[in-house]
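Text of run-v2.csv, listed as CSV, C-alpha atoms:
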chain,number,residue,atom,x,y,z
A,272,MET,CA,-55.9,-1.8,-112.9
A,273,GLU,CA,-52.7,-2.8,-114.6
A,274,ARG,CA,-51.7,0.7,-115.7
A,275,PHE,CA,-52.1,1.9,-112.1
A,276,ARG,CA,-50.1,-1.0,-110.7
A,277,GLU,CA,-47.3,-0.1,-113.1
A,278,LYS,CA,-47.4,3.6,-112.3
A,279,THR,CA,-44.5,5.1,-110.5
A,280,TYR,CA,-45.1,7.7,-107.9
A,281,ARG,CA,-42.9,10.7,-107.3
A,282,ASN,CA,-41.0,10.6,-104.0
A,283,VAL,CA,-40.1,14.1,-102.9
A,284,TRP,CA,-38.5,12.7,-99.7
A,285,SER,CA,-36.0,10.9,-101.9
A,286,GLU,CA,-35.4,14.1,-103.8
A,287,LEU,CA,-34.6,15.8,-100.5
A,288,GLY,CA,-31.9,13.1,-99.9
A,289,LYS,CA,-33.9,11.0,-97.4
A,290,SER,CA,-33.1,7.3,-97.4
A,291,GLU,CA,-35.9,4.7,-97.5
A,292,ALA,CA,-34.9,3.6,-94.0
A,293,GLU,CA,-35.3,7.2,-92.8
A,294,ILE,CA,-38.7,7.5,-94.5
A,295,GLU,CA,-39.9,4.2,-93.1
A,296,GLU,CA,-38.8,5.1,-89.6
A,297,LYS,CA,-40.6,8.4,-89.7
A,298,LEU,CA,-43.7,6.7,-91.1
A,299,ARG,CA,-43.7,4.2,-88.3
A,300,SER,CA,-43.6,7.0,-85.7
A,301,ILE,CA,-46.5,8.8,-87.5
A,302,VAL,CA,-48.6,5.6,-87.5
A,303,ASP,CA,-47.9,5.0,-83.8
A,304,GLY,CA,-48.8,8.6,-82.9
A,305,PHE,CA,-52.0,8.6,-85.0
A,306,PHE,CA,-53.4,5.2,-84.1
A,307,PHE,CA,-51.9,3.9,-80.9
A,308,GLU,CA,-50.0,6.3,-78.6
A,309,GLU,CA,-52.1,7.0,-75.5
A,310,GLY,CA,-52.8,10.7,-75.1
A,311,GLN,CA,-51.8,11.4,-78.7
A,312,LYS,CA,-53.9,9.0,-80.9
A,313,VAL,CA,-57.2,9.9,-82.6
A,314,TYR,CA,-58.1,6.3,-83.4
A,315,PHE,CA,-60.3,4.6,-80.7
A,316,PRO,CA,-61.3,0.9,-80.9
A,317,VAL,CA,-64.8,0.0,-79.7
A,318,GLY,CA,-65.5,-3.6,-78.8
A,319,ASP,CA,-64.1,-6.4,-80.9
A,320,ASP,CA,-64.7,-5.0,-84.4
A,321,MET,CA,-65.4,-1.3,-84.5
A,322,ALA,CA,-63.4,2.0,-84.1
A,323,TYR,CA,-63.9,5.7,-84.6
A,324,ILE,CA,-61.6,8.6,-85.4
A,325,GLU,CA,-62.2,11.4,-82.9
A,326,ASP,CA,-62.1,15.1,-83.6
A,327,THR,CA,-60.3,15.8,-80.4
A,328,GLY,CA,-61.2,19.5,-80.6
A,329,ASN,CA,-64.9,18.9,-80.7
A,330,ILE,CA,-65.1,15.4,-79.1
A,331,ASP,CA,-67.1,13.8,-81.9
A,332,ALA,CA,-66.6,11.5,-84.9
A,333,ARG,CA,-67.1,13.1,-88.3
A,334,THR,CA,-67.5,11.6,-91.7
A,335,GLU,CA,-64.5,13.7,-92.7
A,336,GLY,CA,-62.2,12.0,-90.2
A,337,MET,CA,-63.8,8.5,-90.5
A,338,SER,CA,-63.3,8.5,-94.3
A,339,TYR,CA,-59.8,10.0,-93.9
A,340,GLY,CA,-58.9,7.2,-91.5
A,341,MET,CA,-60.2,4.6,-94.0
A,342,MET,CA,-58.1,6.2,-96.8
A,343,ILE,CA,-55.0,6.2,-94.6
A,344,CYS,CA,-55.6,2.5,-93.6
A,345,VAL,CA,-56.0,1.3,-97.2
A,346,GLN,CA,-52.9,3.1,-98.3
A,347,LEU,CA,-50.9,1.4,-95.5
A,348,GLY,CA,-52.5,-2.1,-95.8
A,349,MET,CA,-54.2,-1.8,-92.4
A,350,LYS,CA,-57.3,-3.9,-93.1
A,351,GLU,CA,-58.4,-4.6,-89.5
A,352,GLU,CA,-58.4,-0.9,-88.7
A,353,PHE,CA,-60.1,-0.1,-92.0
A,354,ASP,CA,-62.9,-2.6,-91.4
A,355,ARG,CA,-63.4,-1.4,-87.8
A,356,ILE,CA,-63.8,2.2,-88.9
A,357,TRP,CA,-66.1,1.3,-91.7
A,358,LYS,CA,-68.4,-0.8,-89.5
A,359,TRP,CA,-68.7,2.0,-86.9
A,360,ALA,CA,-69.6,4.4,-89.7
A,361,LYS,CA,-72.2,2.1,-91.1
A,362,THR,CA,-73.6,1.2,-87.7
A,363,TYR,CA,-73.9,4.7,-86.3
A,364,MET,CA,-73.6,7.3,-89.1
A,365,TYR,CA,-75.5,5.7,-92.0
A,366,MET,CA,-79.1,6.9,-92.5
A,367,GLU,CA,-81.6,4.3,-93.6
A,368,ASP,CA,-84.6,6.5,-94.0
A,369,GLY,CA,-85.8,10.1,-94.3
A,370,GLU,CA,-84.7,12.9,-96.6
A,371,ASN,CA,-81.0,11.9,-96.3
A,372,GLU,CA,-81.4,8.1,-96.5
A,373,GLY,CA,-78.3,6.7,-98.3
A,374,TYR,CA,-76.0,9.3,-96.8
A,375,PHE,CA,-74.0,9.5,-93.6
A,376,ALA,CA,-74.7,11.8,-90.7
A,377,TRP,CA,-71.7,14.1,-90.6
A,378,SER,CA,-71.2,14.2,-86.8
A,379,CYS,CA,-71.8,11.6,-84.1
A,380,LYS,CA,-70.9,11.5,-80.4
A,381,PRO,CA,-68.3,8.9,-79.4
A,382,ASP,CA,-71.1,6.6,-78.2
A,383,GLY,CA,-72.6,6.7,-81.7
A,384,THR,CA,-75.5,9.1,-81.0
A,385,LYS,CA,-76.0,11.4,-84.0
A,386,ASN,CA,-75.4,15.0,-83.4
A,387,ALA,CA,-77.0,15.9,-86.7
A,388,TYR,CA,-79.0,14.2,-89.5
A,389,GLY,CA,-77.3,16.1,-92.4
A,390,PRO,CA,-74.4,14.9,-94.5
A,391,ALA,CA,-71.1,16.5,-95.6
A,392,PRO,CA,-70.2,15.6,-99.2
A,393,ASP,CA,-66.4,15.4,-98.6
A,394,GLY,CA,-67.0,12.4,-96.3
A,395,GLU,CA,-69.0,10.6,-98.9
A,396,GLU,CA,-66.5,11.1,-101.7
A,397,PHE,CA,-63.6,9.9,-99.4
A,398,PHE,CA,-65.7,6.9,-98.2
A,399,ALA,CA,-66.4,5.9,-101.8
A,400,MET,CA,-62.8,6.2,-103.0
A,401,ALA,CA,-61.4,4.3,-99.9
A,402,LEU,CA,-63.9,1.5,-100.5
A,403,PHE,CA,-62.9,1.1,-104.2
A,404,PHE,CA,-59.3,1.0,-103.2
A,405,ALA,CA,-60.1,-1.6,-100.5
A,406,SER,CA,-61.9,-3.7,-103.1
A,407,HIS,CA,-58.9,-3.7,-105.4
A,408,ARG,CA,-56.3,-4.2,-102.6
A,409,TRP,CA,-58.1,-6.9,-100.6
A,410,GLY,CA,-61.1,-8.1,-102.6
A,411,ASP,CA,-64.8,-7.8,-101.8
A,412,GLY,CA,-66.3,-9.6,-98.8
A,413,GLU,CA,-69.9,-10.1,-97.7
A,414,GLY,CA,-72.5,-7.6,-96.5
A,415,ILE,CA,-71.0,-4.2,-95.7
A,416,PHE,CA,-67.6,-5.5,-96.6
A,417,ASN,CA,-68.6,-5.9,-100.3
A,418,TYR,CA,-66.6,-2.8,-100.7
A,419,SER,CA,-67.2,-2.1,-104.4
A,420,ALA,CA,-70.9,-2.6,-104.1
A,421,GLU,CA,-71.0,-0.2,-101.2
A,422,ALA,CA,-69.0,2.4,-103.1
A,423,LYS,CA,-71.3,2.2,-106.1
A,424,ARG,CA,-74.4,2.4,-104.0
A,425,LEU,CA,-73.1,5.5,-102.2
A,426,LEU,CA,-72.1,7.3,-105.4
A,427,SER,CA,-75.4,6.5,-107.0
A,428,ALA,CA,-77.2,8.2,-104.1
A,429,CYS,CA,-74.9,11.2,-104.4
A,430,LEU,CA,-76.0,11.8,-108.0
A,431,HIS,CA,-79.6,10.5,-108.1
A,432,LYS,CA,-81.4,11.5,-105.0
A,433,GLY,CA,-84.4,13.6,-105.9
A,434,GLU,CA,-85.0,11.6,-109.0
A,435,ASN,CA,-88.0,9.3,-109.6
A,436,GLY,CA,-89.6,10.2,-106.3
A,437,ARG,CA,-86.5,9.4,-104.2
A,438,PRO,CA,-86.4,11.9,-101.3
A,439,GLY,CA,-83.7,14.4,-100.7
A,440,ASP,CA,-81.1,16.2,-102.9
A,441,PRO,CA,-78.0,15.1,-104.7
A,442,MET,CA,-74.5,16.1,-103.5
A,443,TRP,CA,-73.4,17.3,-107.0
A,444,ASN,CA,-75.0,19.9,-109.2
A,445,ARG,CA,-76.1,17.8,-112.1
A,446,GLU,CA,-75.9,20.7,-114.5
A,447,ASN,CA,-72.4,22.1,-113.8
A,448,HIS,CA,-71.0,18.9,-112.3
A,449,GLN,CA,-69.7,20.6,-109.2
A,450,ILE,CA,-69.8,19.2,-105.7
A,451,LEU,CA,-72.0,21.1,-103.3
A,452,PHE,CA,-71.2,22.2,-99.8
A,453,VAL,CA,-74.3,20.3,-98.6
A,454,PRO,CA,-77.1,18.7,-100.6
A,455,GLY,CA,-79.3,21.3,-102.1
A,456,SER,CA,-77.0,24.3,-101.4
A,457,PRO,CA,-76.4,26.9,-104.2
A,458,PHE,CA,-72.6,27.0,-103.6
A,459,THR,CA,-69.6,24.8,-103.2
A,460,ASP,CA,-66.4,24.3,-101.1
A,461,PRO,CA,-63.2,24.4,-103.2
A,462,SER,CA,-61.5,21.9,-100.9
A,463,TYR,CA,-64.1,19.4,-101.7
A,464,HIS,CA,-63.1,19.3,-105.4
A,465,LEU,CA,-61.2,16.1,-106.0
A,466,PRO,CA,-60.8,15.7,-109.8
A,467,HIS,CA,-58.3,12.8,-109.2
A,468,PHE,CA,-61.1,10.9,-107.4
A,469,TYR,CA,-63.6,11.7,-110.2
A,470,GLU,CA,-61.2,10.3,-112.8
A,471,LEU,CA,-61.4,7.0,-111.0
A,472,PHE,CA,-65.1,7.1,-110.3
A,473,ALA,CA,-65.4,7.5,-114.1
A,474,LEU,CA,-63.8,4.0,-114.4
A,475,TRP,CA,-65.4,2.2,-111.5
A,476,ALA,CA,-68.8,3.7,-110.6
A,477,ASN,CA,-72.1,2.4,-112.1
A,478,GLU,CA,-71.6,2.5,-115.9
A,479,GLU,CA,-74.5,4.9,-116.5
A,480,ASP,CA,-72.8,7.5,-114.2
A,481,ARG,CA,-69.3,7.3,-115.7
A,482,PRO,CA,-69.7,10.1,-118.2
A,483,PHE,CA,-70.8,12.4,-115.4
A,484,TRP,CA,-67.7,11.7,-113.3
A,485,LYS,CA,-65.4,12.3,-116.3
A,486,GLU,CA,-67.0,15.6,-116.8
A,487,ALA,CA,-66.9,16.4,-113.1
A,488,ALA,CA,-63.1,15.9,-113.2
A,489,ARG,CA,-62.8,18.4,-116.0
A,490,ALA,CA,-65.2,20.9,-114.4
A,491,SER,CA,-63.4,20.8,-111.0
A,492,ARG,CA,-60.0,21.5,-112.6
A,493,ALA,CA,-61.5,24.5,-114.4
A,494,PHE,CA,-63.2,25.6,-111.2
A,495,LEU,CA,-60.0,25.5,-109.2
A,496,VAL,CA,-58.3,27.8,-111.7
A,497,THR,CA,-60.9,30.5,-110.9
A,498,ALA,CA,-61.3,29.8,-107.2
A,499,CYS,CA,-57.6,30.3,-106.4
A,500,HIS,CA,-56.5,34.0,-106.2
A,501,PRO,CA,-54.4,35.0,-109.2
A,502,GLU,CA,-51.7,36.6,-107.0
A,503,THR,CA,-51.7,34.7,-103.7
A,504,GLY,CA,-53.0,31.3,-104.8
A,505,MET,CA,-55.4,31.3,-101.8
A,506,ASN,CA,-59.0,30.2,-102.1
A,507,PRO,CA,-62.0,30.8,-99.9
A,508,GLU,CA,-63.6,28.1,-97.7
A,509,TYR,CA,-66.9,28.4,-99.6
A,510,ALA,CA,-67.3,29.6,-103.1
A,511,ASN,CA,-69.9,30.4,-105.8
A,512,PHE,CA,-69.8,28.1,-108.8
A,513,ASP,CA,-67.8,30.7,-110.7
A,514,GLY,CA,-65.0,30.5,-108.0
A,515,THR,CA,-65.8,33.8,-106.3
A,516,PRO,CA,-66.1,33.8,-102.5
A,517,TYR,CA,-69.5,32.9,-101.2
A,518,THR,CA,-70.7,35.4,-98.6
A,519,GLY,CA,-74.2,34.2,-97.8
A,520,SER,CA,-73.2,31.5,-95.3
A,521,ASN,CA,-75.5,31.0,-92.3
A,522,TRP,CA,-72.6,29.4,-90.4
A,523,GLY,CA,-70.4,32.4,-89.8
A,524,ARG,CA,-67.7,33.8,-92.1
A,525,HIS,CA,-66.3,31.4,-94.8
A,526,ASP,CA,-65.1,33.7,-97.6
A,527,TRP,CA,-61.6,33.8,-96.3
A,528,PHE,CA,-58.5,31.6,-96.4
A,529,TYR,CA,-59.1,29.5,-93.3
A,530,SER,CA,-59.1,25.9,-92.1
A,531,ASP,CA,-61.2,24.1,-94.9
A,532,ALA,CA,-59.5,26.1,-97.6
A,533,TYR,CA,-56.0,24.7,-96.8
A,534,ARG,CA,-56.8,21.4,-98.3
A,535,THR,CA,-57.1,22.7,-101.8
A,536,ALA,CA,-53.3,23.0,-102.3
A,537,ALA,CA,-52.9,19.4,-101.2
A,538,ASN,CA,-55.6,18.2,-103.6
A,539,ILE,CA,-54.0,20.1,-106.5
A,540,GLY,CA,-50.7,18.4,-105.7
A,541,LEU,CA,-52.1,14.9,-105.5
A,542,ASP,CA,-54.1,15.4,-108.7
A,543,LEU,CA,-51.0,16.4,-110.6
A,544,ALA,CA,-49.1,13.4,-109.1
A,545,TRP,CA,-51.7,10.9,-110.1
A,546,PHE,CA,-52.9,12.2,-113.5
A,547,GLY,CA,-50.7,15.1,-114.6
A,548,GLU,CA,-53.6,17.0,-116.1
A,549,ASP,CA,-53.1,20.7,-115.7
A,550,ALA,CA,-55.8,23.1,-116.7
A,551,GLY,CA,-53.9,25.9,-115.1
A,552,GLN,CA,-54.7,25.0,-111.5
A,553,SER,CA,-51.0,24.2,-110.7
A,554,ALA,CA,-50.1,27.9,-110.9
A,555,ALA,CA,-51.8,28.4,-107.6
A,556,ILE,CA,-49.1,26.5,-105.7
A,557,PRO,CA,-46.1,28.7,-106.3
A,558,ARG,CA,-48.2,31.7,-105.6
A,559,LEU,CA,-49.4,30.3,-102.3
A,560,GLN,CA,-45.9,29.1,-101.3
A,561,ARG,CA,-44.5,32.5,-102.1
A,562,CYS,CA,-47.3,34.4,-100.3
A,563,LEU,CA,-46.8,32.3,-97.1
A,564,GLY,CA,-43.1,31.6,-97.4
A,565,VAL,CA,-41.7,34.9,-98.7
A,566,THR,CA,-44.3,37.7,-98.2
A,567,ASN,CA,-45.3,36.4,-94.7
A,568,ARG,CA,-42.1,34.5,-94.0
A,569,ASP,CA,-41.7,35.7,-90.4
A,570,ASP,CA,-45.2,34.5,-89.3
A,571,PRO,CA,-47.2,32.7,-92.0
A,572,PHE,CA,-49.6,30.9,-89.7
A,573,VAL,CA,-52.4,33.4,-89.4
A,574,THR,CA,-55.8,34.0,-91.0
A,575,TYR,CA,-55.9,35.8,-94.4
A,576,GLU,CA,-58.3,37.3,-96.8
A,577,ILE,CA,-57.8,35.5,-100.1
A,578,ASP,CA,-55.9,38.5,-101.5
A,579,GLY,CA,-53.3,37.9,-98.8
A,580,THR,CA,-54.4,40.6,-96.3
A,581,ARG,CA,-53.3,39.4,-92.9
A,582,LEU,CA,-56.0,39.3,-90.2
A,583,ASP,CA,-55.4,39.6,-86.4
A,584,GLN,CA,-56.3,35.9,-85.8
A,585,PRO,CA,-53.9,33.0,-85.6
A,586,ALA,CA,-54.5,30.0,-87.8
A,587,LEU,CA,-56.5,27.4,-85.9
A,588,HIS,CA,-54.6,24.6,-87.6
A,589,PRO,CA,-51.0,25.8,-88.3
A,590,VAL,CA,-49.6,22.3,-88.8
A,591,GLY,CA,-52.4,21.5,-91.2
A,592,LEU,CA,-51.6,24.7,-93.2
A,593,LEU,CA,-47.9,23.7,-93.3
A,594,ALA,CA,-48.8,20.1,-94.4
A,595,THR,CA,-51.1,21.0,-97.2
A,596,THR,CA,-48.8,23.8,-98.5
A,597,ALA,CA,-46.0,21.3,-98.5
A,598,GLN,CA,-48.0,18.6,-100.3
A,599,GLY,CA,-48.7,21.2,-103.0
A,600,SER,CA,-45.1,20.9,-103.9
A,601,LEU,CA,-46.1,17.8,-106.0
A,602,ALA,CA,-47.6,20.3,-108.5
A,603,VAL,CA,-44.1,21.9,-109.0
A,604,ALA,CA,-42.6,19.8,-111.8
A,605,GLU,CA,-39.0,20.5,-111.1
A,606,ASN,CA,-36.9,17.8,-109.4
A,607,LEU,CA,-36.3,19.2,-105.9
A,608,SER,CA,-32.9,17.5,-105.4
A,609,ALA,CA,-31.2,20.5,-106.9
A,610,PRO,CA,-33.8,23.1,-107.8
A,611,VAL,CA,-32.7,26.1,-109.9
A,612,THR,CA,-35.9,28.2,-110.2
A,613,PRO,CA,-37.4,30.3,-107.4
A,614,GLU,CA,-40.5,28.1,-107.5
A,615,GLY,CA,-38.5,24.9,-107.2
A,616,LYS,CA,-36.5,26.3,-104.3
A,617,LEU,CA,-39.7,27.3,-102.4
A,618,ALA,CA,-41.3,23.9,-103.1
A,619,ARG,CA,-38.2,22.2,-101.6
A,620,GLU,CA,-38.2,24.6,-98.6
A,621,TRP,CA,-41.9,23.8,-97.8
A,622,ALA,CA,-41.2,20.0,-98.1
A,623,GLU,CA,-38.2,20.3,-95.8
A,624,ARG,CA,-40.3,22.3,-93.3
A,625,LEU,CA,-42.8,19.5,-93.1
A,626,TRP,CA,-40.2,16.8,-92.7
A,627,ASN,CA,-38.8,18.7,-89.7
A,628,GLU,CA,-42.3,19.2,-88.2
A,629,PRO,CA,-43.6,16.7,-85.7
A,630,LEU,CA,-47.2,15.6,-85.4
A,631,ARG,CA,-49.3,18.2,-83.6
A,632,ARG,CA,-50.1,17.5,-79.9
A,633,GLY,CA,-52.9,18.8,-77.8
A,634,VAL,CA,-56.7,19.1,-78.2
A,635,ARG,CA,-56.6,20.5,-81.7
A,636,ARG,CA,-54.4,17.7,-83.1
A,637,TYR,CA,-57.0,15.7,-85.1
A,638,TYR,CA,-57.4,17.9,-88.2
A,639,ASP,CA,-53.8,18.9,-88.4
A,640,ASN,CA,-52.5,15.3,-88.1
A,641,CYS,CA,-54.9,14.0,-90.7
A,642,LEU,CA,-53.6,16.5,-93.2
A,643,TYR,CA,-50.0,15.8,-92.0
A,644,PHE,CA,-50.4,12.1,-92.5
A,645,PHE,CA,-51.8,12.6,-96.1
A,646,ALA,CA,-49.0,15.0,-96.9
A,647,PHE,CA,-46.3,12.7,-95.7
A,648,LEU,CA,-47.7,9.7,-97.7
A,649,ALA,CA,-48.2,11.8,-100.8
A,650,LEU,CA,-44.7,13.4,-100.7
A,651,GLY,CA,-43.2,9.9,-100.2
A,652,GLY,CA,-45.0,8.4,-103.1
A,653,ARG,CA,-47.1,6.3,-100.8
A,654,TYR,CA,-50.5,7.8,-101.5
A,655,ARG,CA,-51.4,5.6,-104.4
A,656,ILE,CA,-54.2,4.5,-106.8
A,657,TRP,CA,-55.2,0.9,-105.8
Starting from the file, give its structure as structure tokens.
Amino acid sequence: MERFREKTYRNVWSELGKSEAEIEEKLRSIVDGFFFEEGQKVYFPVGDDMAYIEDTGNIDARTEGMSYGMMICVQLGMKEEFDRIWKWAKTYMYMEDGENEGYFAWSCKPDGTKNAYGPAPDGEEFFAMALFFASHRWGDGEGIFNYSAEAKRLLSACLHKGENGRPGDPMWNRENHQILFVPGSPFTDPSYHLPHFYELFALWANEEDRPFWKEAARASRAFLVTACHPETGMNPEYANFDGTPYTGSNWGRHDWFYSDAYRTAANIGLDLAWFGEDAGQSAAIPRLQRCLGVTNRDDPFVTYEIDGTRLDQPALHPVGLLATTAQGSLAVAENLSAPVTPEGKLAREWAERLWNEPLRRGVRRYYDNCLYFFAFLALGGRYRIW
């Protein structure tokens, strides 16, 4: 852990001339809006020791949002809120038996009733990473608060279900090392690919699984190169393992640049900030920022084909699209205090747009504000390896 404690994290807000006092003041307002402000918050305490993050557009709690909430909490040192969210997830979402035992139900009603008995792998990978960070920041406790043991157990299920008579399917393809959209599916979701997490799983997961995670990091970076369009930088929501759009979805259309897909740019930026390993995936960021910020400058917040063709449909999550595109600026190596290249100037412009954008309000605020929170932390050097 020492090399991570000593690591310095790029602070784009400082590059834009923002003082630490300004950054902290804005961060406090984001925390208040996300966790505590009535009519705006998405964090809801339950009893004395639990809480859930609500998808306010669908009135449910999802493993996506629960694990995001835990990651935000561990980054900010909010242990009480972290433990509350984790206990709610283990109490209501965790599946003890059946085909998906060892996983979490992806959606529950606010009263804890499961809406489905299937998992979503992006929740599991965020749960595991947040738990490892909690272990390193606060130490392991007892039972479900033995964070590192919980993380290792979860990752083991993700890789080894279906082996030795264990029911169900793994969340990663064990041959090509790519994460699946759902266990057993023959395709993936580009925004699920988190090579910066897999680098750390390769250090902290069960020892026998560490070579897999190291290879998964390499495989995901290579995949992202092919999944992002060579001209626009856009990627589909669902993709075949070769990066081409997946068109066989039973859940409606997902071969376009739409809500899930926005997260890929943010992931590329954070991976470059943490590890600096570029297999060519960073090139997607200037292309995306140019497509949205130059080609479509007057109205970038619509739905697109991945080749940049505009569709007559507004973006469902415009603030989320802004936030992730801005976070991608971490992949542009140029110091943004005085950029001289077109790429650097665009990266600065996107970061400035996010700084000037408030948290989203209204019923669709949940997803946008999760992505906004992550982007603000990442661009301020506050989304760190613990």
Practice item. Compare A:Tyr469, A:Trp357, A:Phe375, A:Trp626 by their minimum atom-to-atom distance to Val345 of chain A, counting all atoms listed in the file, and give me the closest one. Key: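 Using all atoms listed in the file, Val345 of chain A sits closest to A:Trp357.
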Point to revise | Long-range neighbours of Ala405 of chain A as a list in words, 7 Å cut-off, only C-alpha atoms, 4 positions minimum in chain | key: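 My list of contacting residues is Val345, Ala401, Trp409, Gly410 and Tyr418 of chain A.
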Check your understanding: From the set A:Glu325, A:Glu286, A:Glu479, A:Glu576, which residue has the shortest atom-to-atom contact distance to Gly652 of chain A, counting only C-alpha atoms?
Key ->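 Ranked by minimum distance to Gly652 of chain A, first place goes to A:Glu286.
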Practice item. May I have the protein, DNA and RNA residues with an atom at most 9 Å from (-60.6, 25.8, -101.6), counting all atoms listed in the file in the file's coordinates, returned as an MDAnalysis selection string? Key: chainID A and resid 460:464 495 498:499 505:510 528 531:536
**Study point:** Interatomic distance (Å, one decimal) between atom CA of Pro441 of chain A and atom CA of Glu396 of chain A
**Key:** 12.5 Å
Review point. At what distance in Å, to one decimal, does atom CA of Ala322 of chain A lie from atom CA of Ala360 of chain A?
Key: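 Going from atom CA of Ala360 of chain A over to atom CA of Ala322 of chain A, I get 8.7 Å.
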Point to revise | Among listed residues A:Gln560, A:Asn567, A:Ser553, A:Thr362, nearest Ala604 of chain A (using only C-alpha atoms) | key: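 Residue with the minimum atom-to-atom distance to Ala604 of chain A: A:Ser553.
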Review point. Around (-60.2, 0.9, -105.7) in the file's frame, which residues reach within 9 Å when counting all atoms listed in the file? Return as a ChimeraX atom specification?
Key: /A:272,399-408,418-419,471,475,656-657
Review point. Within 9 Å of Leu587 of chain A, counting all atoms listed in the file, which residues qualify if same-chain residues fewer than 4 places away don't, as a PyMOL selection string?
Key: chain A and resi 529-530+572-574+591+635
Exercise for review: Grab the atom CA of Ala646 of chain A to atom CA of Thr595 of chain A distance for me, in Å with one decimal place.
Suggested key: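 Between atom CA of Ala646 of chain A and atom CA of Thr595 of chain A the gap is 6.4 Å.
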Exercise for review: Would you please work out which residue, of A:Glu308, A:Glu628, A:Glu486, A:Asp368, is nearest to Arg445 of chain A when using all atoms listed in the file?
Suggested key: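 Looking only at the distances to Arg445 of chain A, the closest residue turns out to be A:Glu486.
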Review point. Near Gln598 of chain A, counting all atoms listed in the file, which residues have an atom at most 8 Å away, once you skip same-chain residues fewer than 4 positions from it, shown as a VMD selection string?
Key: chain A and resid 536 to 537 540 to 541 594 622 646 to 647 649 to 650
**Study point:** Nearest to Tyr374 of chain A, chosen from A:Ile324, A:Leu543, A:Ile556, A:Cys429, with all atoms listed in the file counted in the distances
**Key:**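 Selected residue with least distance to Tyr374 of chain A: A:Cys429.
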Practice item. Name the residues in contact with Leu559 of chain A at a cut-off of 8 Å, using only C-alpha atoms, excluding same-chain residues fewer than 3 positions from it; report them as a list of chain:residue names. Key: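 Once the adjacent positions are removed, what remains is A:Thr503, A:Gly504, A:Met505, A:Ala555, A:Ile556, A:Cys562, A:Leu563, A:Thr596.
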Take the residues from that selection and write them out as a compact mmCIF listing (two decimals), in the frame of the given file, keeping C-alpha atoms.
# COMPACT_ATOMS: atom_id res chain seq x y z
CA THR A 503 -51.70 34.70 -103.70
CA GLY A 504 -53.00 31.30 -104.80
CA MET A 505 -55.40 31.30 -101.80
CA ALA A 555 -51.80 28.40 -107.60
CA ILE A 556 -49.10 26.50 -105.70
CA CYS A 562 -47.30 34.40 -100.30
CA LEU A 563 -46.80 32.30 -97.10
CA THR A 596 -48.80 23.80 -98.50
Practice item. Quick one: everything within 8 Å of Phe398 of chain A, counting all atoms listed in the file, minus sequence neighbours fewer than 5 positions away in the same chain. Send it as a PyMOL selection string. Key: chain A and resi 338-339+341-342+422
Check your understanding: Of the candidates A:Gly564, A:Leu630, A:Glu291, A:Phe483, which one gets nearest to Leu617 of chain A if we count all atoms listed in the file?
Key -> A:Gly564
